[in-house]
Every structure is written in structure tokens, then in C-alpha cells.
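See below for the structure under consideration.
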Amino acid sequence: AGISGAAEVIARAVTLPSYPPGGGSEETSHCSDNLLATWPLISYYGQTELGRDILMETFRLCTPMGQDDVVSLLDWAQSPFFPLAEGDFPYPSSYIPFSLNMGNVDLPAWPLQKACAELDKDIGVELIRNDERDVDYTIRYGSDNDSGLVLGIDWDNVKVVENGNGLRSATALKLLNATMAAVSVWFNVSKTAKCFDAVPAINEEEKEYLQSLRRANGIEPPSPKTPAQSCQEKLDGETVWTSLVCNENMNQIITAARGMGNDFYWPPTFPRKTTSFKDILAIDPDPLGEICADPDGVFGYPSREETYDS
């Protein structure tokens with residue numbers, strides 16, 4: 001695997017036979033390709049108020065979306081696949097949800113394949129990889145007879161090639177609903193959620209308003225935390241995994257890069273021509289969090305290049 005090793009492994013995992021296991025004998029790329037086609041589609045819908053309203057309704061968001069919230073929605077919708085892959089056991093298990101502070105609730109057996117149940121079909125999406133290494137794709141949502149929408153992807157940019165039925169493309173809406181069903185396997189593991197907080201509840205303007213209320217009522221703002229206090233708060237407030245990987249000097253830099261042409265994520269998390277962990281550290285010396293930084297600066301990887309690095 002390359003620098004996006006973790007994402008590449010997950011992308012391969014979703015090509016396994018469809019849910020339930022044993023229901024199909026051949027590997028398929030439908031789930032992976034459909035997911036890859038979803039993220040630029042969300043970006044396209046997020047450009048207009050009508051599109052954002054459709055996204056809010058489809059993903060059952062608790063709060064209205066602004067244009068700046070599209071990135072948050074993309075991050076939220078892509079985030080379940082790592083824990084689903086970690087918890088992809090052949091039996092129901094609370095191991096991963098409990099470890100990630102979601103309570104004592106069970107994921108279903110084979111949750112990653114279950115998430116792909118609606119996506120592992122020919123929905124009508126055609127994904128053309130013009131140059132995979134350069135994240136250059138053309139994606140058609142529906143056939144010519146369906147007046148399909150066509151988007152062009154150039155690294156982290158989306159352009160409309162053919163508008164077709166635009167926001168009302170039947171294939172596009174079907175794909176968004178199938179993706180919602182997939183992420184619900186994780187986010188609604190309790191089966192009690194009525195809506196989802198994919199969009200941050202407090203934006204910067206609201207934070208300033210709250211600070212002004214504190215000042216008006218004579219309440220002093222909290223003192224800045226020391227790095228040691230911030231690190232301890234991070235460890236206490238997150239999960240045992242953070243403590244373990246920091247203690248063992250394994251900060252999993254392989255999870256930092258994704259969407260680089262070898263998986264189903266988008267947009268790319270690093271600029272073009274980022275091809276090694278050394279490139280990543282040159283761009284961001286601490287991509288996984290400054291307050292608990294790896295003192296060696298290489299996040300568990302050798303300080304000299306080895307053949308197995310690349």
C-alpha cells in the first residue's frame with residue numbers, strides 16, 4: 001500500500017462479496033465506485049440552496065445547511081467506513097462502538113458489507129477514470145435517456161460537464177439515498193436517532209455571541225490550557241486507542257492520506273505530487289495533532305528510507 005494505505009485497504013474490503021456474505025460469489029466494484037461518485041455529487045448539490053435542502057432532507061440533518069457546511073457533511077459521511085472495517089466481524093459486536101464512546105450497542109454481523117447492501121448494485125452510475133493517479137474522473141449519473149448529470153473531477157475540483165436533469169437526476173437522488181442507508185449502519189447503530197448532527201451546531205459567529213454574553217455578565221473566559229493539560233484532556237475525552245498508539249509511538253500516519261486515486265474517498269487530503277510520508281511531513285510536520293506530537297517526527301516510520309516505506 002502507498003501513503004493512503006488505510007483507505008486503500010478499506011476500499012478493497014468493500015469489493016468483497018455482497019451482504020449477506022455467501023449471497024454472492026464474485027467480487028464487485030459497485031460499492032467502491034458508487035461511494036467515490038457520491039462525494040463530488042454532494043459537493044455539486046452543496047453549491048445551491050435547493051441542493052443543500054435536498055442534502056438536508058436526504059441525510060436527515062438536524063440543522064439547516066449553509067454552503068460552508070458541505071465540507072463538514074463530506075467528512076461526516078466518509079467517517080464511518082474506518083470503524084465499520086475495524087468492526088467487520090461475522091457476528092454482532094459492540095467492541096468498536098463501545099471503544100469509540102457510542103455506548104454498549106451492537107454493530108450487525110459483517111457491518112461493512114451491510115453498509116454496502118444498497119450501494120453494491122448497478123444504480124446507473126458510470127465512473128470513467130481518465131487518470132486515476134491524478135484524480136481525473138468523469139462521472140455520469142444516469143443514461144442519456146434519463147437526461148443524466150455528468151460531472152468532471154480534477155483533483156479537488158468539480159465542474160458540470162452536462163447538466164441533464166441537474167439536481168432532479170433520478171440516479172443522483174438514488175445514489176444519495178443509498179449512501180444515507182450506508183452511513184446509518186454506523187450513525188444509527190442504536191436505531192433511535194431521529195436526525196443527525198453532521199453540521200457543527202456552533203459556528204464562529206455564535207461562539208463570539210456566547211463570549212459577549214459571558215463578558216456582559218462578568219464571567220471571565222477560561223484560562224488557556226497548558227500543552228500538558230490539553231494533551232491529557234484529549235486523551236481523556238477521546239478513546240483508549242489514542243493513549244495506546246501514542247504510548248507505542250504508532251500514530252498511524254497511514255490514515256492521514258486518502259482520496260489520492262487509490263480508494264473511494266474524495267477530495268484528496270494532500271496536494272498533487274504528494275507521494276511519500278516525507279512529503280506529508282514537509283507539508284504538515286504534525287498531521288495528527290500538535291499537542292500530542294511524536295517527538296521523533298516520523299510517526300512510527302523509520303527515519304531513513306527503506307524499501308517497505310513506499
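A note on labels: chains of the C-alpha cells are A, B, ... as shown, every chain counts residues from 1, and ligands are counted from 1 in their shown order.
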
As a list in words, please: the residues near Leu176 (chain A) (cut-off 9 Å, only C-alpha atoms, same-chain neighbours under 4 positions excluded).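 Residues meeting the cut-off are Thr38, Leu41, Ile42, Leu55, Thr58, Phe59, Thr171, Ala172, Met180 and Ala181 of chain A.
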
- Task: Write out as a ChimeraX atom specification which residues come within 10 Å of Glu86 (chain A) when counting only C-alpha atoms, dropping same-chain ones fewer than 2 positions away.
- Result: /A:10,81-84,88-89,95-96,111-112

Those same residues, written as a compact mmCIF listing (two decimals), in the first residue's frame with C-alpha atoms?
```
# COMPACT_ATOMS: atom_id res chain seq x y z
CA ILE A 10 -10.92 -0.32 3.27
CA PHE A 81 -16.05 3.32 6.92
CA PHE A 82 -12.88 3.07 9.01
CA PRO A 83 -14.69 1.88 12.18
CA LEU A 84 -17.02 -0.32 10.11
CA ASP A 88 -16.31 -6.15 10.32
CA PHE A 89 -16.80 -9.36 12.28
CA TYR A 95 -16.46 -3.86 20.50
CA ILE A 96 -15.84 -0.92 18.16
CA PRO A 111 -21.33 -4.32 9.07
CA LEU A 112 -19.14 -3.09 6.21
```

- request: Give me every alpha helix (DSSP H) residue in region 49-84 of chain A, going by DSSP on the backbone, as a PyMOL selection string.
  value: chain A and resi 49-58+70-78+81-84

Same residues, N, CA and C atoms, saved as an mmCIF file, in the first residue's frame:
```cif
data_model
loop_
_atom_site.group_PDB
_atom_site.id
_atom_site.type_symbol
_atom_site.label_atom_id
_atom_site.label_comp_id
_atom_site.auth_asym_id
_atom_site.auth_seq_id
_atom_site.Cartn_x
_atom_site.Cartn_y
_atom_site.Cartn_z
ATOM 1 N N GLU A 49 -28.828 26.567 -2.830
ATOM 2 C CA GLU A 49 -29.715 26.424 -1.676
ATOM 3 C C GLU A 49 -30.651 25.234 -1.846
ATOM 4 N N LEU A 50 -31.201 25.046 -3.061
ATOM 5 C CA LEU A 50 -32.075 23.907 -3.310
ATOM 6 C C LEU A 50 -31.304 22.602 -3.118
ATOM 7 N N GLY A 51 -30.077 22.545 -3.620
ATOM 8 C CA GLY A 51 -29.275 21.343 -3.451
ATOM 9 C C GLY A 51 -29.011 21.042 -1.987
ATOM 10 N N ARG A 52 -28.710 22.070 -1.211
ATOM 11 C CA ARG A 52 -28.454 21.872 0.231
ATOM 12 C C ARG A 52 -29.719 21.420 0.948
ATOM 13 N N ASP A 53 -30.862 21.930 0.524
ATOM 14 C CA ASP A 53 -32.124 21.472 1.119
ATOM 15 C C ASP A 53 -32.337 19.985 0.838
ATOM 16 N N ILE A 54 -31.997 19.552 -0.366
ATOM 17 C CA ILE A 54 -32.125 18.130 -0.709
ATOM 18 C C ILE A 54 -31.178 17.293 0.139
ATOM 19 N N LEU A 55 -29.941 17.777 0.319
ATOM 20 C CA LEU A 55 -28.976 17.061 1.160
ATOM 21 C C LEU A 55 -29.467 16.984 2.599
ATOM 22 N N MET A 56 -30.009 18.077 3.111
ATOM 23 C CA MET A 56 -30.500 18.093 4.487
ATOM 24 C C MET A 56 -31.610 17.069 4.682
ATOM 25 N N GLU A 57 -32.528 17.007 3.718
ATOM 26 C CA GLU A 57 -33.638 16.061 3.813
ATOM 27 C C GLU A 57 -33.154 14.626 3.640
ATOM 28 N N THR A 58 -32.278 14.406 2.668
ATOM 29 C CA THR A 58 -31.809 13.046 2.389
ATOM 30 C C THR A 58 -31.024 12.476 3.558
ATOM 31 N N VAL A 70 -20.719 22.127 3.660
ATOM 32 C CA VAL A 70 -20.592 20.979 2.761
ATOM 33 C C VAL A 70 -19.383 20.130 3.133
ATOM 34 N N VAL A 71 -18.267 20.771 3.487
ATOM 35 C CA VAL A 71 -17.066 20.030 3.879
ATOM 36 C C VAL A 71 -17.345 19.197 5.126
ATOM 37 N N SER A 72 -18.082 19.776 6.076
ATOM 38 C CA SER A 72 -18.427 19.035 7.290
ATOM 39 C C SER A 72 -19.279 17.814 6.964
ATOM 40 N N LEU A 73 -20.214 17.980 6.033
ATOM 41 C CA LEU A 73 -21.062 16.857 5.639
ATOM 42 C C LEU A 73 -20.231 15.762 4.974
ATOM 43 N N LEU A 74 -19.297 16.149 4.109
ATOM 44 C CA LEU A 74 -18.430 15.170 3.457
ATOM 45 C C LEU A 74 -17.602 14.411 4.490
ATOM 46 N N ASP A 75 -17.016 15.136 5.442
ATOM 47 C CA ASP A 75 -16.217 14.483 6.489
ATOM 48 C C ASP A 75 -17.072 13.513 7.288
ATOM 49 N N TRP A 76 -18.276 13.951 7.631
ATOM 50 C CA TRP A 76 -19.185 13.120 8.432
ATOM 51 C C TRP A 76 -19.586 11.860 7.675
ATOM 52 N N ALA A 77 -19.954 12.006 6.406
ATOM 53 C CA ALA A 77 -20.451 10.870 5.640
ATOM 54 C C ALA A 77 -19.351 9.865 5.310
ATOM 55 N N GLN A 78 -18.088 10.320 5.244
ATOM 56 C CA GLN A 78 -16.992 9.413 4.923
ATOM 57 C C GLN A 78 -16.389 8.754 6.160
ATOM 58 N N PHE A 81 -16.558 4.522 7.582
ATOM 59 C CA PHE A 81 -16.054 3.316 6.922
ATOM 60 C C PHE A 81 -14.802 2.744 7.589
ATOM 61 N N PHE A 82 -14.018 3.584 8.254
ATOM 62 C CA PHE A 82 -12.875 3.068 9.014
ATOM 63 C C PHE A 82 -13.349 2.222 10.196
ATOM 64 N N PRO A 83 -14.226 2.735 11.083
ATOM 65 C CA PRO A 83 -14.690 1.879 12.185
ATOM 66 C C PRO A 83 -15.523 0.690 11.722
ATOM 67 N N LEU A 84 -16.268 0.832 10.632
ATOM 68 C CA LEU A 84 -17.016 -0.321 10.114
ATOM 69 C C LEU A 84 -16.060 -1.422 9.658
#
```

TODO: Find the residues near Tyr137 (chain A): any atom within 6 Å, counting only C-alpha atoms, skip ones fewer than 2 places away on the same chain, and give them as number ranges by chain.
DONE: A: 128-130, 152-153

- Task: With a distance cut-off of 8 Å and only C-alpha atoms, select the neighbouring residues of region 104-109 of chain A, excluding the residue or stretch itself and same-chain residues fewer than 3 positions from it, and output the selection as a PyMOL selection string.
- Result: chain A and resi 87-95+97-98+114+185-186+189-190

Output N, CA and C atoms of each residue in that selection to a file, as a PDB file, in the first residue's frame.
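For reference, again_32.pdb as written:
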```
ATOM      1  N   GLY A  87     -14.621  -3.129  12.697  1.00  0.00           N
ATOM      2  CA  GLY A  87     -15.589  -3.987  13.382  1.00  0.00           C
ATOM      3  C   GLY A  87     -16.285  -4.958  12.459  1.00  0.00           C
ATOM      4  N   ASP A  88     -15.663  -5.294  11.330  1.00  0.00           N
ATOM      5  CA  ASP A  88     -16.313  -6.147  10.324  1.00  0.00           C
ATOM      6  C   ASP A  88     -16.180  -7.624  10.700  1.00  0.00           C
ATOM      7  N   PHE A  89     -16.830  -7.987  11.788  1.00  0.00           N
ATOM      8  CA  PHE A  89     -16.801  -9.359  12.283  1.00  0.00           C
ATOM      9  C   PHE A  89     -17.993 -10.143  11.738  1.00  0.00           C
ATOM     10  N   PRO A  90     -17.907 -11.461  11.707  1.00  0.00           N
ATOM     11  CA  PRO A  90     -19.023 -12.274  11.185  1.00  0.00           C
ATOM     12  C   PRO A  90     -20.146 -12.476  12.196  1.00  0.00           C
ATOM     13  N   TYR A  91     -20.178 -11.660  13.231  1.00  0.00           N
ATOM     14  CA  TYR A  91     -21.210 -11.766  14.274  1.00  0.00           C
ATOM     15  C   TYR A  91     -21.460 -10.360  14.829  1.00  0.00           C
ATOM     16  N   PRO A  92     -22.621 -10.104  15.430  1.00  0.00           N
ATOM     17  CA  PRO A  92     -22.873  -8.797  16.038  1.00  0.00           C
ATOM     18  C   PRO A  92     -21.860  -8.521  17.140  1.00  0.00           C
ATOM     19  N   SER A  93     -21.413  -7.283  17.243  1.00  0.00           N
ATOM     20  CA  SER A  93     -20.394  -6.948  18.232  1.00  0.00           C
ATOM     21  C   SER A  93     -20.503  -5.492  18.655  1.00  0.00           C
ATOM     22  N   SER A  94     -20.304  -5.232  19.949  1.00  0.00           N
ATOM     23  CA  SER A  94     -20.271  -3.865  20.478  1.00  0.00           C
ATOM     24  C   SER A  94     -18.848  -3.371  20.651  1.00  0.00           C
ATOM     25  N   TYR A  95     -17.870  -4.159  20.237  1.00  0.00           N
ATOM     26  CA  TYR A  95     -16.462  -3.861  20.502  1.00  0.00           C
ATOM     27  C   TYR A  95     -16.056  -2.481  19.997  1.00  0.00           C
ATOM     28  N   PRO A  97     -18.080   0.106  18.571  1.00  0.00           N
ATOM     29  CA  PRO A  97     -18.908   1.217  19.079  1.00  0.00           C
ATOM     30  C   PRO A  97     -18.594   1.579  20.530  1.00  0.00           C
ATOM     31  N   PHE A  98     -18.393   0.575  21.381  1.00  0.00           N
ATOM     32  CA  PHE A  98     -18.090   0.847  22.791  1.00  0.00           C
ATOM     33  C   PHE A  98     -16.729   1.518  22.921  1.00  0.00           C
ATOM     34  N   LYS A 114     -22.852  -4.898   5.064  1.00  0.00           N
ATOM     35  CA  LYS A 114     -24.236  -4.444   5.216  1.00  0.00           C
ATOM     36  C   LYS A 114     -24.372  -2.990   4.756  1.00  0.00           C
ATOM     37  N   VAL A 185     -25.802   2.672   9.079  1.00  0.00           N
ATOM     38  CA  VAL A 185     -25.379   1.448   9.772  1.00  0.00           C
ATOM     39  C   VAL A 185     -24.503   1.804  10.955  1.00  0.00           C
ATOM     40  N   TRP A 186     -23.684   2.870  10.790  1.00  0.00           N
ATOM     41  CA  TRP A 186     -22.843   3.311  11.898  1.00  0.00           C
ATOM     42  C   TRP A 186     -23.536   4.369  12.755  1.00  0.00           C
ATOM     43  N   VAL A 189     -26.554   3.167  14.789  1.00  0.00           N
ATOM     44  CA  VAL A 189     -26.367   1.811  15.311  1.00  0.00           C
ATOM     45  C   VAL A 189     -27.335   1.534  16.465  1.00  0.00           C
ATOM     46  N   SER A 190     -27.749   2.577  17.189  1.00  0.00           N
ATOM     47  CA  SER A 190     -28.710   2.413  18.283  1.00  0.00           C
ATOM     48  C   SER A 190     -30.139   2.271  17.776  1.00  0.00           C
TER      49      SER A 190
END
```

Open item on the list: Can you pull out the residues contacting Asn163 (chain A)? Cut-off 10 Å, using only C-alpha atoms, and skip same-chain residues under 5 positions away; I want them as a list in words.
Closed with: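 Listed by chain and then number, they are Ser147, Gly148, Leu149, Val150, Leu151 and Ser169 of chain A.
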